[in-house]
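What follows is a set of notes on a single structure, which appears directly below.
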Amino acid sequence: MQRNRSPVFEVRSSMFWWTPNIDKLRKACQAANERFLSIVEPDAIAVERLMTIKTRLSRAIKANKDESFH
């Protein structure tokens, strides 16, 4: 038996807080994560680099959401 869904839920609203800078940070984060996962024995520098990029991305998203919704 299929679910009955209204068309409202099928259409995603645009994320107006998403900026080109956040997109660039997201791509950098994905690339850093792929590099990190490809290393057989990650060192402290690789871990630090990944965590720094993830932190920057999270902070940028939070700042833009705060700015957009307040």
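Following the order of the structure tokens, first chain is A, next is B, and so on, with residues numbered from 1 inside each chain and ligands from 1 in the order they appear.
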
Identify, on the basis of only C-alpha atoms, every residue whose closest approach to range 27-34 of chain A does not exceed 6 Å; exclude the query and any residue fewer than 2 positions from it along the same chain; express the result as a PyMOL selection string. chain A and resi 24-25+36-37+50+53

The selected residues should be written to file as a PDB file, in the first residue's frame (atoms: C-alpha atoms).
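Final file, out-v1.pdb:
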```pdb
ATOM      1  CA  LYS A  24      33.015  26.170  -1.331  1.00  0.00           C
ATOM      2  CA  LEU A  25      33.574  25.171   2.315  1.00  0.00           C
ATOM      3  CA  PHE A  36      41.536  11.549   5.321  1.00  0.00           C
ATOM      4  CA  LEU A  37      39.725   8.289   4.551  1.00  0.00           C
ATOM      5  CA  LEU A  50      39.760  17.807   8.699  1.00  0.00           C
ATOM      6  CA  ILE A  53      37.506  22.560   7.873  1.00  0.00           C
TER       7      ILE A  53
END
```

Please identify all polymer residues within 12 Å of Ser58 in chain A, counting only C-alpha atoms, omitting same-chain residues fewer than 5 positions from it, and present them as a list in words. Ile22, Asp23, Leu25, Arg26, Cys29, Met51, Thr52, Ile53, Ala63, Asn64 and Lys65 of chain A

Phe69 in chain A surroundings by only C-alpha atoms, 12 Å radius, close-in-sequence under 6 positions cut, as a PyMOL selection string: chain A and resi 15-17+62-63

Those of chain A in DSSP alpha helix (DSSP H), formatted as JSON, numbers by chain: {"A": [7, 8, 9, 10, 20, 21, 22, 23, 24, 25, 26, 27, 28, 29, 30, 31, 32, 33, 34, 35, 36, 37, 38, 44, 45, 46, 47, 48, 49, 50, 51, 52, 53, 54, 55, 56, 57, 58, 59, 60, 61, 62, 63, 64, 65, 66, 67, 68, 69]}

Could you tell me how far CA of Arg56 in chain A sits from CA of Thr19 in chain A, in Å to one decimal place?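 CA of Arg56 in chain A lies at a distance of 13.8 Å from CA of Thr19 in chain A.
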